[in-house]
Structure formats: structure tokens, C-alpha cells
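Student: Below is the file entry21.pdb, with PDB, N, CA and C atoms.
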```pdb
ATOM      1  N   MET F1399    -261.171 115.692  -3.107
ATOM      2  CA  MET F1399    -262.420 115.103  -2.726
ATOM      3  C   MET F1399    -262.555 115.049  -1.214
ATOM      4  N   GLN F1400    -261.473 114.734  -0.545
ATOM      5  CA  GLN F1400    -261.453 114.687   0.920
ATOM      6  C   GLN F1400    -261.827 116.043   1.501
ATOM      7  N   LYS F1401    -261.323 117.130   0.936
ATOM      8  CA  LYS F1401    -261.649 118.465   1.417
ATOM      9  C   LYS F1401    -263.143 118.743   1.238
ATOM     10  N   LEU F1402    -263.707 118.334   0.167
ATOM     11  CA  LEU F1402    -265.114 118.566  -0.100
ATOM     12  C   LEU F1402    -265.987 117.811   0.903
ATOM     13  N   VAL F1403    -265.609 116.578   1.191
ATOM     14  CA  VAL F1403    -266.367 115.780   2.154
ATOM     15  C   VAL F1403    -266.251 116.407   3.530
ATOM     16  N   ASN F1404    -265.050 116.803   3.927
ATOM     17  CA  ASN F1404    -264.850 117.420   5.225
ATOM     18  C   ASN F1404    -265.587 118.755   5.322
ATOM     19  N   GLY F1405    -265.533 119.560   4.290
ATOM     20  CA  GLY F1405    -266.224 120.844   4.285
ATOM     21  C   GLY F1405    -267.730 120.654   4.361
ATOM     22  N   THR F1406    -268.235 119.702   3.637
ATOM     23  CA  THR F1406    -269.660 119.416   3.659
ATOM     24  C   THR F1406    -270.057 118.854   5.015
ATOM     25  N   SER F1407    -269.213 118.006   5.560
ATOM     26  CA  SER F1407    -269.497 117.412   6.870
ATOM     27  C   SER F1407    -269.521 118.482   7.950
ATOM     28  N   ILE F1408    -268.584 119.405   7.872
ATOM     29  CA  ILE F1408    -268.532 120.477   8.872
ATOM     30  C   ILE F1408    -269.775 121.357   8.749
ATOM     31  N   ARG F1409    -270.136 121.699   7.507
ATOM     32  CA  ARG F1409    -271.339 122.504   7.310
ATOM     33  C   ARG F1409    -272.574 121.763   7.846
ATOM     34  N   TYR F1410    -272.625 120.478   7.585
ATOM     35  CA  TYR F1410    -273.745 119.670   8.057
ATOM     36  C   TYR F1410    -273.801 119.683   9.592
ATOM     37  N   ILE F1411    -272.649 119.543  10.220
ATOM     38  CA  ILE F1411    -272.578 119.554  11.691
ATOM     39  C   ILE F1411    -272.980 120.934  12.216
ATOM     40  N   VAL F1412    -272.502 122.002  11.579
ATOM     41  CA  VAL F1412    -272.847 123.362  11.989
ATOM     42  C   VAL F1412    -274.358 123.582  11.836
ATOM     43  N   ASP F1413    -274.927 123.103  10.737
ATOM     44  CA  ASP F1413    -276.372 123.234  10.531
ATOM     45  C   ASP F1413    -277.146 122.462  11.607
ATOM     46  N   LEU F1414    -276.681 121.254  11.900
ATOM     47  CA  LEU F1414    -277.316 120.472  12.957
ATOM     48  C   LEU F1414    -277.238 121.205  14.300
ATOM     49  N   ASP F1415    -276.072 121.790  14.575
ATOM     50  CA  ASP F1415    -275.881 122.536  15.824
ATOM     51  C   ASP F1415    -276.835 123.732  15.875
ATOM     52  N   LYS F1416    -276.972 124.464  14.766
ATOM     53  CA  LYS F1416    -277.891 125.607  14.721
ATOM     54  C   LYS F1416    -279.326 125.161  14.972
ATOM     55  N   LYS F1417    -279.698 124.059  14.309
ATOM     56  CA  LYS F1417    -281.060 123.544  14.493
ATOM     57  C   LYS F1417    -281.272 123.112  15.953
ATOM     58  N   ALA F1418    -280.272 122.468  16.515
ATOM     59  CA  ALA F1418    -280.385 122.006  17.909
ATOM     60  C   ALA F1418    -280.502 123.195  18.852
ATOM     61  N   ARG F1419    -279.687 124.228  18.656
ATOM     62  CA  ARG F1419    -279.764 125.425  19.492
ATOM     63  C   ARG F1419    -281.140 126.103  19.357
ATOM     64  N   LYS F1420    -281.630 126.135  18.120
ATOM     65  CA  LYS F1420    -282.937 126.747  17.883
ATOM     66  C   LYS F1420    -284.018 125.976  18.638
ATOM     67  N   ARG F1421    -283.953 124.639  18.567
ATOM     68  CA  ARG F1421    -284.935 123.819  19.283
ATOM     69  C   ARG F1421    -284.819 123.992  20.802
ATOM     70  N   VAL F1422    -283.599 124.085  21.280
ATOM     71  CA  VAL F1422    -283.390 124.293  22.723
ATOM     72  C   VAL F1422    -283.981 125.644  23.138
ATOM     73  N   ASN F1423    -283.726 126.673  22.361
ATOM     74  CA  ASN F1423    -284.283 127.998  22.665
ATOM     75  C   ASN F1423    -285.808 127.976  22.621
ATOM     76  N   GLU F1424    -286.376 127.299  21.618
ATOM     77  CA  GLU F1424    -287.831 127.187  21.538
ATOM     78  C   GLU F1424    -288.374 126.431  22.758
ATOM     79  N   ALA F1425    -287.679 125.376  23.150
ATOM     80  CA  ALA F1425    -288.106 124.595  24.317
ATOM     81  C   ALA F1425    -288.036 125.446  25.581
ATOM     82  N   ARG F1426    -286.999 126.262  25.699
ATOM     83  CA  ARG F1426    -286.884 127.152  26.869
ATOM     84  C   ARG F1426    -288.018 128.174  26.896
ATOM     85  N   ARG F1427    -288.307 128.757  25.723
ATOM     86  CA  ARG F1427    -289.406 129.726  25.655
ATOM     87  C   ARG F1427    -290.739 129.049  26.003
ATOM     88  N   GLU F1428    -290.936 127.849  25.476
ATOM     89  CA  GLU F1428    -292.171 127.123  25.765
ATOM     90  C   GLU F1428    -292.253 126.772  27.262
ATOM     91  N   ALA F1429    -291.137 126.350  27.830
ATOM     92  CA  ALA F1429    -291.117 126.031  29.264
ATOM     93  C   ALA F1429    -291.423 127.280  30.083
ATOM     94  N   GLU F1430    -290.854 128.401  29.691
ATOM     95  CA  GLU F1430    -291.118 129.659  30.395
ATOM     96  C   GLU F1430    -292.591 130.049  30.260
ATOM     97  N   SER F1431    -293.125 129.860  29.059
ATOM     98  CA  SER F1431    -294.532 130.167  28.831
ATOM     99  C   SER F1431    -295.423 129.266  29.696
ATOM    100  N   ILE F1432    -295.102 127.997  29.760
ATOM    101  CA  ILE F1432    -295.870 127.053  30.587
ATOM    102  C   ILE F1432    -295.756 127.433  32.054
ATOM    103  N   GLU F1433    -294.554 127.793  32.478
ATOM    104  CA  GLU F1433    -294.337 128.225  33.862
ATOM    105  C   GLU F1433    -295.183 129.451  34.193
ATOM    106  N   ASN F1434    -295.165 130.437  33.293
ATOM    107  CA  ASN F1434    -295.958 131.657  33.505
ATOM    108  C   ASN F1434    -297.453 131.346  33.547
ATOM    109  N   GLU F1435    -297.888 130.482  32.654
ATOM    110  CA  GLU F1435    -299.299 130.099  32.630
ATOM    111  C   GLU F1435    -299.685 129.374  33.920
ATOM    112  N   ALA F1436    -298.809 128.481  34.373
ATOM    113  CA  ALA F1436    -299.081 127.750  35.618
ATOM    114  C   ALA F1436    -299.154 128.719  36.799
ATOM    115  N   GLU F1437    -298.242 129.674  36.854
ATOM    116  CA  GLU F1437    -298.239 130.669  37.932
ATOM    117  C   GLU F1437    -299.524 131.501  37.891
ATOM    118  N   SER F1438    -299.925 131.875  36.667
ATOM    119  CA  SER F1438    -301.152 132.649  36.504
ATOM    120  C   SER F1438    -302.365 131.844  36.970
ATOM    121  N   LYS F1439    -302.426 130.577  36.586
ATOM    122  CA  LYS F1439    -303.538 129.723  37.002
ATOM    123  C   LYS F1439    -303.527 129.518  38.515
ATOM    124  N   LYS F1440    -302.344 129.368  39.076
ATOM    125  CA  LYS F1440    -302.223 129.198  40.529
ATOM    126  C   LYS F1440    -302.754 130.438  41.250
ATOM    127  N   ASN F1441    -302.377 131.612  40.778
ATOM    128  CA  ASN F1441    -302.860 132.856  41.388
ATOM    129  C   ASN F1441    -304.373 132.992  41.255
ATOM    130  N   LYS F1442    -304.912 132.638  40.076
ATOM    131  CA  LYS F1442    -306.357 132.711  39.875
ATOM    132  C   LYS F1442    -307.069 131.734  40.812
ATOM    133  N   MET F1443    -306.527 130.535  40.955
ATOM    134  CA  MET F1443    -307.120 129.545  41.855
ATOM    135  C   MET F1443    -307.107 130.061  43.294
ATOM    136  N   ARG F1444    -306.011 130.684  43.688
ATOM    137  CA  ARG F1444    -305.898 131.227  45.045
ATOM    138  C   ARG F1444    -306.944 132.323  45.259
ATOM    139  N   ILE F1445    -307.087 133.203  44.289
ATOM    140  CA  ILE F1445    -308.072 134.291  44.383
ATOM    141  C   ILE F1445    -309.482 133.708  44.449
ATOM    142  N   ASP F1446    -309.770 132.729  43.578
ATOM    143  CA  ASP F1446    -311.089 132.096  43.591
ATOM    144  C   ASP F1446    -311.353 131.405  44.924
ATOM    145  N   TYR F1447    -310.360 130.695  45.436
ATOM    146  CA  TYR F1447    -310.511 129.993  46.713
ATOM    147  C   TYR F1447    -310.766 130.992  47.845
ATOM    148  N   ASP F1448    -310.007 132.085  47.855
ATOM    149  CA  ASP F1448    -310.210 133.109  48.886
ATOM    150  C   ASP F1448    -311.616 133.692  48.809
ATOM    151  N   GLU F1449    -312.073 133.949  47.598
ATOM    152  CA  GLU F1449    -313.415 134.517  47.417
ATOM    153  C   GLU F1449    -314.481 133.529  47.895
ATOM    154  N   GLN F1450    -314.327 132.261  47.544
ATOM    155  CA  GLN F1450    -315.286 131.243  47.986
ATOM    156  C   GLN F1450    -315.265 131.111  49.509
ATOM    157  N   ALA F1451    -314.075 131.163  50.087
ATOM    158  CA  ALA F1451    -313.962 131.056  51.550
ATOM    159  C   ALA F1451    -314.658 132.243  52.218
ATOM    160  N   ARG F1452    -314.460 133.442  51.680
ATOM    161  CA  ARG F1452    -315.123 134.624  52.241
ATOM    162  C   ARG F1452    -316.645 134.495  52.146
ATOM    163  N   GLU F1453    -317.123 134.004  51.012
ATOM    164  CA  GLU F1453    -318.572 133.834  50.835
ATOM    165  C   GLU F1453    -319.117 132.819  51.839
ATOM    166  N   ARG F1454    -318.414 131.696  52.013
ATOM    167  CA  ARG F1454    -318.880 130.681  52.971
ATOM    168  C   ARG F1454    -318.860 131.232  54.386
ATOM    169  N   LEU F1455    -317.793 131.961  54.727
ATOM    170  CA  LEU F1455    -317.716 132.548  56.063
ATOM    171  C   LEU F1455    -318.841 133.548  56.283
ATOM    172  N   SER F1456    -319.135 134.328  55.272
ATOM    173  CA  SER F1456    -320.219 135.305  55.379
ATOM    174  C   SER F1456    -321.557 134.604  55.604
ATOM    175  N   LYS F1457    -321.801 133.530  54.860
ATOM    176  CA  LYS F1457    -323.042 132.776  55.029
ATOM    177  C   LYS F1457    -323.109 132.155  56.422
ATOM    178  N   MET F1458    -321.987 131.592  56.873
ATOM    179  CA  MET F1458    -321.959 130.987  58.207
ATOM    180  C   MET F1458    -322.198 132.041  59.276
ATOM    181  N   GLU F1459    -321.557 133.194  59.128
ATOM    182  CA  GLU F1459    -321.722 134.277  60.095
ATOM    183  C   GLU F1459    -323.184 134.714  60.147
ATOM    184  N   SER F1460    -323.787 134.857  58.981
ATOM    185  CA  SER F1460    -325.188 135.265  58.913
ATOM    186  C   SER F1460    -326.081 134.226  59.583
ATOM    187  N   SER F1461    -325.809 132.970  59.320
ATOM    188  CA  SER F1461    -326.604 131.893  59.908
ATOM    189  C   SER F1461    -326.451 131.868  61.430
ATOM    190  N   TYR F1462    -325.206 131.964  61.901
ATOM    191  CA  TYR F1462    -324.972 131.959  63.355
ATOM    192  C   TYR F1462    -325.580 133.199  64.016
ATOM    193  N   ARG F1463    -325.486 134.325  63.343
ATOM    194  CA  ARG F1463    -326.066 135.552  63.884
ATOM    195  C   ARG F1463    -327.587 135.402  64.006
ATOM    196  N   PHE F1464    -328.205 134.842  62.982
ATOM    197  CA  PHE F1464    -329.655 134.623  63.010
ATOM    198  C   PHE F1464    -330.029 133.698  64.171
ATOM    199  N   GLU F1465    -329.289 132.603  64.331
ATOM    200  CA  GLU F1465    -329.562 131.666  65.428
ATOM    201  C   GLU F1465    -329.354 132.339  66.785
ATOM    202  N   ALA F1466    -328.298 133.122  66.907
ATOM    203  CA  ALA F1466    -328.021 133.820  68.167
ATOM    204  C   ALA F1466    -329.134 134.820  68.482
ATOM    205  N   GLU F1467    -329.593 135.539  67.475
ATOM    206  CA  GLU F1467    -330.665 136.511  67.691
ATOM    207  C   GLU F1467    -331.959 135.819  68.111
ATOM    208  N   LYS F1468    -332.237 134.643  67.528
ATOM    209  CA  LYS F1468    -333.420 133.885  67.942
ATOM    210  C   LYS F1468    -333.299 133.475  69.412
ATOM    211  N   LYS F1469    -332.119 133.001  69.807
ATOM    212  CA  LYS F1469    -331.916 132.581  71.202
ATOM    213  C   LYS F1469    -332.015 133.774  72.150
ATOM    214  N   ILE F1470    -331.419 134.898  71.744
ATOM    215  CA  ILE F1470    -331.481 136.112  72.570
ATOM    216  C   ILE F1470    -332.933 136.558  72.737
ATOM    217  N   SER F1471    -333.703 136.537  71.655
ATOM    218  CA  SER F1471    -335.113 136.927  71.726
ATOM    219  C   SER F1471    -335.880 136.009  72.669
ATOM    220  N   LYS F1472    -335.594 134.721  72.592
ATOM    221  CA  LYS F1472    -336.271 133.767  73.472
ATOM    222  C   LYS F1472    -335.892 134.032  74.932
ATOM    223  N   ILE F1473    -334.620 134.265  75.191
ATOM    224  CA  ILE F1473    -334.162 134.549  76.559
ATOM    225  C   ILE F1473    -334.804 135.834  77.079
ATOM    226  N   GLU F1474    -334.847 136.874  76.240
ATOM    227  CA  GLU F1474    -335.454 138.141  76.658
ATOM    228  C   GLU F1474    -336.950 137.977  76.922
ATOM    229  N   ALA F1475    -337.629 137.204  76.096
ATOM    230  CA  ALA F1475    -339.058 136.973  76.309
ATOM    231  C   ALA F1475    -339.272 136.215  77.617
ATOM    232  N   ASP F1476    -338.419 135.233  77.861
ATOM    233  CA  ASP F1476    -338.495 134.462  79.101
ATOM    234  C   ASP F1476    -338.227 135.358  80.316
ATOM    235  N   LYS F1477    -337.232 136.227  80.185
ATOM    236  CA  LYS F1477    -336.892 137.175  81.265
ATOM    237  C   LYS F1477    -338.061 138.116  81.541
ATOM    238  N   ASP F1478    -338.646 138.646  80.462
ATOM    239  CA  ASP F1478    -339.790 139.557  80.622
ATOM    240  C   ASP F1478    -340.961 138.857  81.314
ATOM    241  N   LYS F1479    -341.210 137.620  80.913
ATOM    242  CA  LYS F1479    -342.299 136.850  81.514
ATOM    243  C   LYS F1479    -342.042 136.646  83.009
ATOM    244  N   LYS F1480    -340.811 136.282  83.358
ATOM    245  CA  LYS F1480    -340.475 136.067  84.775
ATOM    246  C   LYS F1480    -340.508 137.381  85.561
ATOM    247  N   THR F1481    -340.062 138.463  84.949
ATOM    248  CA  THR F1481    -340.093 139.772  85.615
ATOM    249  C   THR F1481    -341.539 140.189  85.880
ATOM    250  N   GLN F1482    -342.396 139.985  84.912
ATOM    251  CA  GLN F1482    -343.810 140.325  85.093
ATOM    252  C   GLN F1482    -344.434 139.474  86.207
ATOM    253  N   ALA F1483    -344.084 138.184  86.229
ATOM    254  CA  ALA F1483    -344.625 137.304  87.281
ATOM    255  C   ALA F1483    -344.113 137.752  88.644
ATOM    256  N   PHE F1484    -342.820 138.114  88.719
ATOM    257  CA  PHE F1484    -342.240 138.590  89.973
ATOM    258  C   PHE F1484    -342.922 139.878  90.419
ATOM    259  N   ASP F1485    -343.103 140.813  89.481
ATOM    260  CA  ASP F1485    -343.762 142.086  89.797
ATOM    261  C   ASP F1485    -345.190 141.853  90.300
ATOM    262  N   LYS F1486    -345.888 140.896  89.699
ATOM    263  CA  LYS F1486    -347.259 140.593  90.099
ATOM    264  C   LYS F1486    -347.299 140.041  91.533
ATOM    265  N   VAL F1487    -346.381 139.096  91.801
ATOM    266  CA  VAL F1487    -346.321 138.518  93.155
ATOM    267  C   VAL F1487    -345.927 139.592  94.163
ATOM    268  N   LEU F1488    -344.962 140.427  93.815
ATOM    269  CA  LEU F1488    -344.519 141.505  94.705
ATOM    270  C   LEU F1488    -345.685 142.469  94.968
ATOM    271  N   SER F1489    -346.409 142.816  93.924
ATOM    272  CA  SER F1489    -347.525 143.732  94.063
ATOM    273  C   SER F1489    -348.614 143.142  94.964
ATOM    274  N   GLN F1490    -348.888 141.866  94.793
ATOM    275  CA  GLN F1490    -349.930 141.209  95.593
ATOM    276  C   GLN F1490    -349.519 141.068  97.066
ATOM    277  N   ASN F1491    -348.247 140.942  97.326
ATOM    278  CA  ASN F1491    -347.774 140.691  98.688
ATOM    279  C   ASN F1491    -346.993 141.869  99.278
ATOM    280  N   ARG F1492    -347.098 143.015  98.671
ATOM    281  CA  ARG F1492    -346.314 144.186  99.088
ATOM    282  C   ARG F1492    -346.528 144.512 100.575
ATOM    283  N   GLU F1493    -347.736 144.641 100.983
ATOM    284  CA  GLU F1493    -348.011 145.016 102.378
ATOM    285  C   GLU F1493    -347.487 143.968 103.350
ATOM    286  N   LYS F1494    -347.711 142.707 103.037
ATOM    287  CA  LYS F1494    -347.244 141.621 103.893
ATOM    288  C   LYS F1494    -345.717 141.655 104.003
ATOM    289  N   LEU F1495    -345.038 141.847 102.860
ATOM    290  CA  LEU F1495    -343.573 141.900 102.859
ATOM    291  C   LEU F1495    -343.067 143.125 103.628
ATOM    292  N   LEU F1496    -343.727 144.269 103.451
ATOM    293  CA  LEU F1496    -343.322 145.472 104.193
ATOM    294  C   LEU F1496    -343.464 145.243 105.703
ATOM    295  N   ASP F1497    -344.562 144.606 106.102
ATOM    296  CA  ASP F1497    -344.760 144.300 107.526
ATOM    297  C   ASP F1497    -343.651 143.389 108.042
ATOM    298  N   GLU F1498    -343.308 142.358 107.263
ATOM    299  CA  GLU F1498    -342.282 141.400 107.697
ATOM    300  C   GLU F1498    -340.908 142.062 107.790
ATOM    301  N   VAL F1499    -340.564 142.878 106.804
ATOM    302  CA  VAL F1499    -339.259 143.566 106.804
ATOM    303  C   VAL F1499    -339.212 144.565 107.958
ATOM    304  N   PHE F1500    -340.291 145.333 108.143
ATOM    305  CA  PHE F1500    -340.331 146.326 109.226
ATOM    306  C   PHE F1500    -340.156 145.645 110.581
ATOM    307  N   GLU F1501    -340.873 144.531 110.766
ATOM    308  CA  GLU F1501    -340.782 143.819 112.037
ATOM    309  C   GLU F1501    -339.399 143.217 112.222
ATOM    310  N   ALA F1502    -338.783 142.715 111.142
ATOM    311  CA  ALA F1502    -337.454 142.125 111.254
ATOM    312  C   ALA F1502    -336.413 143.184 111.602
ATOM    313  N   VAL F1503    -336.576 144.388 111.096
ATOM    314  CA  VAL F1503    -335.597 145.466 111.328
ATOM    315  C   VAL F1503    -335.830 146.138 112.690
ATOM    316  N   THR F1504    -337.066 146.434 113.000
ATOM    317  CA  THR F1504    -337.339 147.203 114.226
ATOM    318  C   THR F1504    -337.727 146.341 115.424
ATOM    319  N   GLY F1505    -338.186 145.146 115.176
ATOM    320  CA  GLY F1505    -338.639 144.296 116.268
ATOM    321  C   GLY F1505    -340.052 144.597 116.706
ATOM    322  N   THR F1506    -340.713 145.518 116.057
ATOM    323  CA  THR F1506    -342.109 145.846 116.392
ATOM    324  C   THR F1506    -342.966 145.746 115.142
ATOM    325  N   LYS F1507    -344.271 145.634 115.391
ATOM    326  CA  LYS F1507    -345.197 145.547 114.263
ATOM    327  C   LYS F1507    -345.410 146.928 113.647
ATOM    328  N   ARG F1508    -345.630 146.964 112.416
ATOM    329  CA  ARG F1508    -345.856 148.215 111.675
ATOM    330  C   ARG F1508    -347.292 148.666 111.859
ATOM    331  N   ARG F1509    -347.430 149.990 111.944
ATOM    332  CA  ARG F1509    -348.781 150.549 112.067
ATOM    333  C   ARG F1509    -349.372 150.755 110.688
ATOM    334  N   ASN F1510    -350.592 150.457 110.545
ATOM    335  CA  ASN F1510    -351.263 150.649 109.243
ATOM    336  C   ASN F1510    -352.180 151.833 109.272
TER     337      ASN F1510
END
```
Would you encode the structure as C-alpha cells?
Tutor:
Amino acid sequence: MQKLVNGTSIRYIVDLDKKARKRVNEARREAESIENEAESKKNKMRIDYDEQARERLSKMESSYRFEAEKKISKIEADKDKKTQAFDKVLSQNREKLLDEVFEAVTGTKRRN
């Protein structure tokens, strides 16, 4: 009877050990699967974040470019207006200025 109890006990322990090993292996596979899934999600999040960042940068660049072009246009219009005013004043006073420059350089009045 003692042999039967010991044999049954050993078989029971071996069965428990097999079940425990099986559960450990399943837990390892599940942990690996979770790890892989987490890595995959992390990579997807990184890709999504990079894409969103590129889109925001593109929008910001477009907005800043538009603002810069508006400022450049305003500066150019202002420059053109001042150049035209300068040209008008120069044209109106050309003879007077030529007389003044000629007299300053030669010391004599210019003949007309």
C-alpha cells in the first residue's frame, strides 16, 4: 500500500510540475506577445507623432511665409512710393541741383 501511495504521489507531483511548466510557458508567450504589441503600438505612436509634427510645421511654415510675403509686399510698395516721390522732387529741381553741384565743383556759375 505504501508503494501505491508513493507512486501515486510521485505521479501527482509530476503532473503538477508539467501543469506548472505549461502555465509558465504560456505566461512567457503571453508576456512576449504583450511586449511585441507594446513595441508595435509605440512605433505606431512615434510615426503618428512625427506625421502630426510635420503637418503642424508645414502649416506654421505656410503661415509665416504668407505673413512674410505680406510684409515684403508692403515694404516694396512703400519703397516704390518713396522712390517715385524722390524721382519727382529730383525731376522738379534738376536744373537747380545741377547749378549748385557745378558751382560747388568749379567755383563758377553754370551757363544755361
Student: Calculate how many Å separate CA of Lys1468 in chain F from CA of Lys1486 in chain F, rounding to one decimal.
Tutor: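 Separating CA of Lys1468 in chain F from CA of Lys1486 in chain F is a distance of 27.0 Å.
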Student: Would you work out the distance separating atom N of Ser1431 in chain F from atom C of Arg1419 in chain F, expressed in Å to one decimal?
Tutor: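 Interatomic distance here is 15.9 Å.
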Student: Between F:Lys1494, F:Met1458, F:Ala1475, F:Ala1429, which has the minimum distance to Lys1507 in chain F (counting only C-alpha atoms)?
Tutor: F:Lys1494
Student: Quick one: distance from CA of Glu1474 in chain F to atom N of Ser1460 in chain F in Å, one decimal?
Tutor: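 Separation between CA of Glu1474 in chain F and atom N of Ser1460 in chain F: 21.4 Å.
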Student: Can you put all heavy atoms back into range 1434-1443 of chain F and show it as a compact mmCIF listing (two decimals), keeping the file's coordinate frame?
Tutor:
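rebuild_9.txt, written as the output of this step:
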```txt
# COMPACT_ATOMS: atom_id res chain seq x y z
N ASN F 1434 -295.17 130.44 33.29
CA ASN F 1434 -295.96 131.66 33.51
C ASN F 1434 -297.45 131.35 33.55
O ASN F 1434 -298.18 131.88 34.38
CB ASN F 1434 -295.67 132.69 32.41
CG ASN F 1434 -294.29 133.28 32.52
OD1 ASN F 1434 -293.68 133.25 33.58
ND2 ASN F 1434 -293.78 133.79 31.42
N GLU F 1435 -297.89 130.48 32.65
CA GLU F 1435 -299.30 130.10 32.63
C GLU F 1435 -299.68 129.37 33.92
O GLU F 1435 -300.74 129.64 34.50
CB GLU F 1435 -299.57 129.19 31.42
CG GLU F 1435 -301.03 128.82 31.26
CD GLU F 1435 -301.26 127.94 30.03
OE1 GLU F 1435 -300.39 127.86 29.16
OE2 GLU F 1435 -302.34 127.33 29.98
N ALA F 1436 -298.81 128.48 34.37
CA ALA F 1436 -299.08 127.75 35.62
C ALA F 1436 -299.15 128.72 36.80
O ALA F 1436 -300.03 128.60 37.66
CB ALA F 1436 -298.01 126.69 35.86
N GLU F 1437 -298.24 129.67 36.85
CA GLU F 1437 -298.24 130.67 37.93
C GLU F 1437 -299.52 131.50 37.89
O GLU F 1437 -300.14 131.77 38.92
CB GLU F 1437 -297.01 131.58 37.81
CG GLU F 1437 -296.83 132.56 38.92
CD GLU F 1437 -296.48 131.91 40.25
OE1 GLU F 1437 -295.91 130.81 40.25
OE2 GLU F 1437 -296.80 132.50 41.29
N SER F 1438 -299.92 131.88 36.67
CA SER F 1438 -301.15 132.65 36.50
C SER F 1438 -302.36 131.84 36.97
O SER F 1438 -303.23 132.36 37.69
CB SER F 1438 -301.31 133.05 35.04
OG SER F 1438 -302.51 133.70 34.83
N LYS F 1439 -302.43 130.58 36.59
CA LYS F 1439 -303.54 129.72 37.00
C LYS F 1439 -303.53 129.52 38.52
O LYS F 1439 -304.58 129.52 39.15
CB LYS F 1439 -303.47 128.38 36.28
CG LYS F 1439 -303.92 128.45 34.84
CD LYS F 1439 -303.90 127.10 34.17
CE LYS F 1439 -304.36 127.19 32.73
NZ LYS F 1439 -304.38 125.89 32.06
N LYS F 1440 -302.34 129.37 39.08
CA LYS F 1440 -302.22 129.20 40.53
C LYS F 1440 -302.75 130.44 41.25
O LYS F 1440 -303.52 130.32 42.21
CB LYS F 1440 -300.76 128.95 40.92
CG LYS F 1440 -300.55 128.76 42.41
CD LYS F 1440 -299.09 128.53 42.74
CE LYS F 1440 -298.40 129.85 42.83
NZ LYS F 1440 -297.03 129.79 43.32
N ASN F 1441 -302.38 131.61 40.78
CA ASN F 1441 -302.86 132.86 41.39
C ASN F 1441 -304.37 132.99 41.26
O ASN F 1441 -305.05 133.40 42.20
CB ASN F 1441 -302.16 134.06 40.77
CG ASN F 1441 -300.71 134.16 41.18
OD1 ASN F 1441 -300.32 133.64 42.22
ND2 ASN F 1441 -299.91 134.81 40.37
N LYS F 1442 -304.91 132.64 40.08
CA LYS F 1442 -306.36 132.71 39.88
C LYS F 1442 -307.07 131.73 40.81
O LYS F 1442 -308.08 132.08 41.42
CB LYS F 1442 -306.73 132.41 38.43
CG LYS F 1442 -308.22 132.58 38.17
CD LYS F 1442 -308.59 132.26 36.75
CE LYS F 1442 -310.04 132.41 36.44
NZ LYS F 1442 -311.00 132.21 37.47
N MET F 1443 -306.53 130.54 40.96
CA MET F 1443 -307.12 129.54 41.86
C MET F 1443 -307.11 130.06 43.29
O MET F 1443 -308.09 129.90 44.03
CB MET F 1443 -306.37 128.21 41.76
CG MET F 1443 -306.65 127.46 40.47
SD MET F 1443 -305.63 125.98 40.29
CE MET F 1443 -306.29 124.95 41.59
```
